[in-house]
Amino acid sequence: MWRSKSGIVTILLLSLFYLTLLPFLVHAVGMIGIGLSHDAADQSYLFAQDHVVGNAAMMLHISAGAVLVALVPLQLVRGIRQRFNRFHRGLGAVLIALALVTGLAGMIYVPLRGTIGGPVMSVAFFLYGVCLFTAALMVARMALSGDRNGHWKWGLRLFWLALGSWLYRLHYTLWYLLTGGLWSEPDFSGAFDLVQNFAFFVPYLVAVQIWIAIRHAAHREPLFRSP
Ligand code: HEM
């Protein structure tokens, strides 16, 4: 009974997630289409005339990032992890590769082209890239060395970081619905925008850390239990 209840909750949460992700994915595919067009620079500020490396980095970034955010929730579904262990491992390797490419391409783009929000956004997004890249490397390292606790902790961090771009847009959507866009400016210079530069990944990393510490204290046992 409990198992089927939790299964239904998982399906509901996943459906809600994919419903809210859909507009973002459509946008990402649209941006890739623009990037491939001959007049990309006229259609979006993300691309610049004769800026091959920056344009390629952005294309790679959007492509890998979109697949990453769409696939990452499946990695935490317990039913899949327990029943299809080989799928979990295969998907894990794919997610790590996607996170490395997304983070690296973003970190190449930022110093080359900057961001629409200026220096604070550039610093924040670069830091986000460092976190995503590091978490992906650490998940791989922990898996290869057979450290299941470490793998679980870094996996959780990578999970929330991989969801970051979705959380960023979710925060904005909810804020605009609630306040009509208070403290938010078109050039991202508003107080909300400045906080938001960090608020889509730093608090989630802190929450994961607190949760890990609480579980450590409560159980005093390995945090990861094999299926
Ligand atoms: C799952 C993770 C990610 C996804 C799905 C994603 C997706 C995207 C998309 C679709 C855009 C185009 C936005 C637009 O049309 O305005 C974009 C822009 C950008 N992304 Fe990411 N991204 C992710 C992670 C990252 C990371 C880790 C970094 C940092 C290294 C980063 C840095 C940037 C930058 C600098 C821009 C251009 C910002 C601007 O000036 O508007 N992203 N990303």
# chains A, B, ... in the order shown; residues from 1 in each chain; ligands from 1
>>> select_by_dssp(residues="segment 93-221 of chain A", states="alpha helix (DSSP H)", output="number ranges by chain")
A: 93-113, 119-144, 148-162, 164-179, 191-199, 202-219
>>> residues_near_ligand(ligand="ligand 1", cutoff="6 Å", atoms="only C-alpha atoms and all ligand atoms", output="list in words")
Ala28, Ile62, Gly65, Ala66, Leu68, Val69, Thr102, Gly103, Gly106, Met107, Val110, Thr115, Ile116, Phe125, Phe126, Tyr128, Gly129, Leu132, Ala162, Leu163 and Ser165 of chain A
>>> write_last_selection(atoms="C-alpha atoms", output="PDB file, in the first residue's frame")
ATOM      1  CA  ALA A  28      15.979  25.926 -25.491  1.00  0.00           C
ATOM      2  CA  ILE A  62      22.096  24.926 -24.220  1.00  0.00           C
ATOM      3  CA  GLY A  65      22.004  21.620 -20.359  1.00  0.00           C
ATOM      4  CA  ALA A  66      18.517  20.985 -21.744  1.00  0.00           C
ATOM      5  CA  LEU A  68      20.686  17.257 -18.451  1.00  0.00           C
ATOM      6  CA  VAL A  69      17.797  19.015 -16.722  1.00  0.00           C
ATOM      7  CA  THR A 102      27.211  22.235 -19.710  1.00  0.00           C
ATOM      8  CA  GLY A 103      29.390  23.672 -16.943  1.00  0.00           C
ATOM      9  CA  GLY A 106      29.120  28.015 -19.708  1.00  0.00           C
ATOM     10  CA  MET A 107      32.458  28.813 -18.065  1.00  0.00           C
ATOM     11  CA  VAL A 110      31.071  33.875 -19.482  1.00  0.00           C
ATOM     12  CA  THR A 115      26.121  38.023 -19.249  1.00  0.00           C
ATOM     13  CA  ILE A 116      23.082  40.218 -19.727  1.00  0.00           C
ATOM     14  CA  PHE A 125      26.938  32.085 -13.124  1.00  0.00           C
ATOM     15  CA  PHE A 126      30.650  31.289 -13.314  1.00  0.00           C
ATOM     16  CA  TYR A 128      27.486  27.993 -10.567  1.00  0.00           C
ATOM     17  CA  GLY A 129      29.505  26.451 -13.402  1.00  0.00           C
ATOM     18  CA  LEU A 132      28.232  21.920 -11.325  1.00  0.00           C
ATOM     19  CA  ALA A 162      21.550  20.203 -12.423  1.00  0.00           C
ATOM     20  CA  LEU A 163      18.045  21.463 -11.628  1.00  0.00           C
ATOM     21  CA  SER A 165      18.414  26.522 -14.418  1.00  0.00           C
TER      22      SER A 165
END
>>> closest_residue(among="A:Arg86, A:Arg78, A:His61, A:His38", to="Gly7 of chain A", atoms="only C-alpha atoms")
A:Arg78
>>> residues_around(residues="Ala136 of chain A", least_positions_apart="6", cutoff="10 Å", atoms="only C-alpha atoms", output="list in words")
Gly92, Ala93, Leu95, Ile96, Ala97, Leu98, Ala99, Leu100, Gly103, Val130, Trp154, Gly155, Arg157, Leu158, Phe159, Leu161 and Ala162 of chain A
>>> write_last_selection(atoms="N, CA and C atoms", output="compact mmCIF listing (two decimals), in the first residue's frame")
# COMPACT_ATOMS: atom_id res chain seq x y z
N GLY A 92 23.67 7.60 -15.11
CA GLY A 92 24.58 8.38 -14.27
C GLY A 92 25.78 8.86 -15.07
N ALA A 93 26.35 7.95 -15.88
CA ALA A 93 27.52 8.33 -16.69
C ALA A 93 27.14 9.41 -17.70
N LEU A 95 24.71 11.61 -17.41
CA LEU A 95 24.45 12.87 -16.68
C LEU A 95 25.75 13.57 -16.30
N ILE A 96 26.74 12.76 -15.88
CA ILE A 96 28.04 13.35 -15.51
C ILE A 96 28.66 14.03 -16.73
N ALA A 97 28.63 13.33 -17.87
CA ALA A 97 29.21 13.92 -19.10
C ALA A 97 28.46 15.20 -19.48
N LEU A 98 27.13 15.16 -19.40
CA LEU A 98 26.32 16.34 -19.76
C LEU A 98 26.62 17.52 -18.82
N ALA A 99 26.75 17.20 -17.51
CA ALA A 99 27.02 18.26 -16.53
C ALA A 99 28.40 18.88 -16.78
N LEU A 100 29.39 18.04 -17.13
CA LEU A 100 30.74 18.55 -17.40
C LEU A 100 30.70 19.47 -18.62
N GLY A 103 28.63 22.77 -17.82
CA GLY A 103 29.39 23.67 -16.94
C GLY A 103 30.59 24.28 -17.66
N VAL A 130 31.33 26.35 -11.82
CA VAL A 130 32.38 25.67 -11.04
C VAL A 130 31.75 24.59 -10.16
N TRP A 154 27.52 13.55 -3.01
CA TRP A 154 27.82 14.36 -4.20
C TRP A 154 26.73 14.22 -5.25
N GLY A 155 26.10 13.03 -5.28
CA GLY A 155 24.98 12.84 -6.20
C GLY A 155 23.83 13.79 -5.88
N ARG A 157 24.10 16.69 -4.34
CA ARG A 157 24.53 18.06 -4.72
C ARG A 157 24.39 18.25 -6.24
N LEU A 158 24.85 17.25 -7.00
CA LEU A 158 24.78 17.36 -8.46
C LEU A 158 23.32 17.45 -8.91
N PHE A 159 22.46 16.68 -8.26
CA PHE A 159 21.04 16.69 -8.61
C PHE A 159 20.46 18.11 -8.52
N LEU A 161 22.08 20.95 -8.33
CA LEU A 161 22.77 21.88 -9.24
C LEU A 161 22.26 21.71 -10.67
N ALA A 162 22.03 20.46 -11.06
CA ALA A 162 21.55 20.20 -12.42
C ALA A 162 20.15 20.77 -12.63
>>> closest_residue(among="A:Gly181, A:Gly35, A:Pro111, A:Gly150", to="Met58 of chain A", atoms="only C-alpha atoms")
A:Gly35
>>> atom_distance(atom1="atom CA of Trp160 of chain A", atom2="atom CA of Ala135 of chain A")
10.2 Å
>>> residues_around(residues="Met121 of chain A", least_positions_apart="2", cutoff="10 Å", atoms="only C-alpha atoms", output="list in words")
Val110, Gly114, Thr115, Ile116, Gly117, Gly118, Pro119, Val123, Ala124, Phe125, Phe126, Leu127, Phe188, Ser189, Asp193, Leu194, Val195, Gln196, Asn197 and Phe198 of chain A
>>> write_last_selection(atoms="N, CA, C and O atoms", output="PDB file, in the first residue's frame")
ATOM      1  N   VAL A 110      31.146  32.702 -20.386  1.00  0.00           N
ATOM      2  CA  VAL A 110      31.071  33.875 -19.482  1.00  0.00           C
ATOM      3  C   VAL A 110      32.249  34.845 -19.681  1.00  0.00           C
ATOM      4  O   VAL A 110      32.025  36.036 -19.938  1.00  0.00           O
ATOM      5  N   GLY A 114      30.463  37.581 -21.391  1.00  0.00           N
ATOM      6  CA  GLY A 114      29.768  38.183 -20.250  1.00  0.00           C
ATOM      7  C   GLY A 114      28.326  37.720 -20.194  1.00  0.00           C
ATOM      8  O   GLY A 114      27.934  36.783 -20.891  1.00  0.00           O
ATOM      9  N   THR A 115      27.541  38.385 -19.347  1.00  0.00           N
ATOM     10  CA  THR A 115      26.121  38.023 -19.249  1.00  0.00           C
ATOM     11  C   THR A 115      25.274  39.283 -19.329  1.00  0.00           C
ATOM     12  O   THR A 115      25.770  40.393 -19.122  1.00  0.00           O
ATOM     13  N   ILE A 116      24.001  39.083 -19.563  1.00  0.00           N
ATOM     14  CA  ILE A 116      23.082  40.218 -19.727  1.00  0.00           C
ATOM     15  C   ILE A 116      22.968  41.034 -18.435  1.00  0.00           C
ATOM     16  O   ILE A 116      22.711  42.233 -18.466  1.00  0.00           O
ATOM     17  N   GLY A 117      23.212  40.373 -17.287  1.00  0.00           N
ATOM     18  CA  GLY A 117      23.051  41.060 -15.992  1.00  0.00           C
ATOM     19  C   GLY A 117      24.313  41.762 -15.500  1.00  0.00           C
ATOM     20  O   GLY A 117      24.309  42.330 -14.415  1.00  0.00           O
ATOM     21  N   GLY A 118      25.412  41.671 -16.253  1.00  0.00           N
ATOM     22  CA  GLY A 118      26.638  42.360 -15.851  1.00  0.00           C
ATOM     23  C   GLY A 118      27.507  41.560 -14.887  1.00  0.00           C
ATOM     24  O   GLY A 118      27.299  40.350 -14.710  1.00  0.00           O
ATOM     25  N   PRO A 119      28.473  42.241 -14.229  1.00  0.00           N
ATOM     26  CA  PRO A 119      29.495  41.539 -13.442  1.00  0.00           C
ATOM     27  C   PRO A 119      28.959  40.613 -12.349  1.00  0.00           C
ATOM     28  O   PRO A 119      29.478  39.509 -12.181  1.00  0.00           O
ATOM     29  N   VAL A 123      29.776  36.683 -12.317  1.00  0.00           N
ATOM     30  CA  VAL A 123      30.480  36.000 -11.226  1.00  0.00           C
ATOM     31  C   VAL A 123      29.621  34.838 -10.704  1.00  0.00           C
ATOM     32  O   VAL A 123      30.095  33.717 -10.510  1.00  0.00           O
ATOM     33  N   ALA A 124      28.323  35.118 -10.492  1.00  0.00           N
ATOM     34  CA  ALA A 124      27.423  34.098  -9.932  1.00  0.00           C
ATOM     35  C   ALA A 124      27.304  32.911 -10.870  1.00  0.00           C
ATOM     36  O   ALA A 124      27.397  31.751 -10.438  1.00  0.00           O
ATOM     37  N   PHE A 125      27.111  33.178 -12.169  1.00  0.00           N
ATOM     38  CA  PHE A 125      26.938  32.085 -13.124  1.00  0.00           C
ATOM     39  C   PHE A 125      28.238  31.288 -13.276  1.00  0.00           C
ATOM     40  O   PHE A 125      28.212  30.076 -13.445  1.00  0.00           O
ATOM     41  N   PHE A 126      29.366  32.009 -13.225  1.00  0.00           N
ATOM     42  CA  PHE A 126      30.650  31.289 -13.314  1.00  0.00           C
ATOM     43  C   PHE A 126      30.804  30.359 -12.101  1.00  0.00           C
ATOM     44  O   PHE A 126      31.203  29.204 -12.229  1.00  0.00           O
ATOM     45  N   LEU A 127      30.461  30.893 -10.925  1.00  0.00           N
ATOM     46  CA  LEU A 127      30.531  30.091  -9.694  1.00  0.00           C
ATOM     47  C   LEU A 127      29.617  28.868  -9.792  1.00  0.00           C
ATOM     48  O   LEU A 127      29.976  27.752  -9.377  1.00  0.00           O
ATOM     49  N   PHE A 188      18.224  43.196 -15.399  1.00  0.00           N
ATOM     50  CA  PHE A 188      18.560  42.336 -14.247  1.00  0.00           C
ATOM     51  C   PHE A 188      19.323  43.077 -13.137  1.00  0.00           C
ATOM     52  O   PHE A 188      20.143  42.486 -12.440  1.00  0.00           O
ATOM     53  N   SER A 189      19.032  44.382 -12.991  1.00  0.00           N
ATOM     54  CA  SER A 189      19.745  45.179 -11.982  1.00  0.00           C
ATOM     55  C   SER A 189      18.922  45.383 -10.709  1.00  0.00           C
ATOM     56  O   SER A 189      19.378  46.033  -9.770  1.00  0.00           O
ATOM     57  N   ASP A 193      16.674  40.554  -8.752  1.00  0.00           N
ATOM     58  CA  ASP A 193      17.580  39.949  -9.739  1.00  0.00           C
ATOM     59  C   ASP A 193      18.950  39.660  -9.123  1.00  0.00           C
ATOM     60  O   ASP A 193      19.546  38.607  -9.380  1.00  0.00           O
ATOM     61  N   LEU A 194      19.429  40.616  -8.318  1.00  0.00           N
ATOM     62  CA  LEU A 194      20.769  40.457  -7.732  1.00  0.00           C
ATOM     63  C   LEU A 194      20.801  39.265  -6.771  1.00  0.00           C
ATOM     64  O   LEU A 194      21.738  38.467  -6.777  1.00  0.00           O
ATOM     65  N   VAL A 195      19.756  39.157  -5.954  1.00  0.00           N
ATOM     66  CA  VAL A 195      19.676  38.016  -5.026  1.00  0.00           C
ATOM     67  C   VAL A 195      19.521  36.717  -5.821  1.00  0.00           C
ATOM     68  O   VAL A 195      20.158  35.695  -5.532  1.00  0.00           O
ATOM     69  N   GLN A 196      18.691  36.800  -6.836  1.00  0.00           N
ATOM     70  CA  GLN A 196      18.380  35.619  -7.632  1.00  0.00           C
ATOM     71  C   GLN A 196      19.614  35.038  -8.338  1.00  0.00           C
ATOM     72  O   GLN A 196      19.670  33.846  -8.622  1.00  0.00           O
ATOM     73  N   ASN A 197      20.604  35.897  -8.596  1.00  0.00           N
ATOM     74  CA  ASN A 197      21.836  35.409  -9.233  1.00  0.00           C
ATOM     75  C   ASN A 197      22.449  34.238  -8.466  1.00  0.00           C
ATOM     76  O   ASN A 197      23.108  33.379  -9.047  1.00  0.00           O
ATOM     77  N   PHE A 198      22.250  34.248  -7.145  1.00  0.00           N
ATOM     78  CA  PHE A 198      22.827  33.182  -6.317  1.00  0.00           C
ATOM     79  C   PHE A 198      21.751  32.261  -5.730  1.00  0.00           C
ATOM     80  O   PHE A 198      22.049  31.147  -5.323  1.00  0.00           O
TER      81      PHE A 198
END
>>> residues_around(residues="Arg89 of chain A", least_positions_apart="5", cutoff="10 Å", atoms="only C-alpha atoms", output="VMD selection string")
chain A and resid 75 81 84 94 to 95 143
>>> atom_distance(atom1="atom CA of Tyr172 of chain A", atom2="atom CA of Thr134 of chain A")
26.2 Å
>>> closest_residue(among="A:Ile32, A:Leu74, A:Ala48, A:Val120", to="Leu13 of chain A", atoms="only C-alpha atoms")
A:Leu74
>>> closest_residue(among="A:Leu14, A:Val101, A:Ala41, A:Ile108", to="Ser122 of chain A", atoms="only C-alpha atoms")
A:Ile108
>>> atom_distance(atom1="atom CA of Leu112 of chain A", atom2="atom CA of Met59 of chain A")
14.1 Å
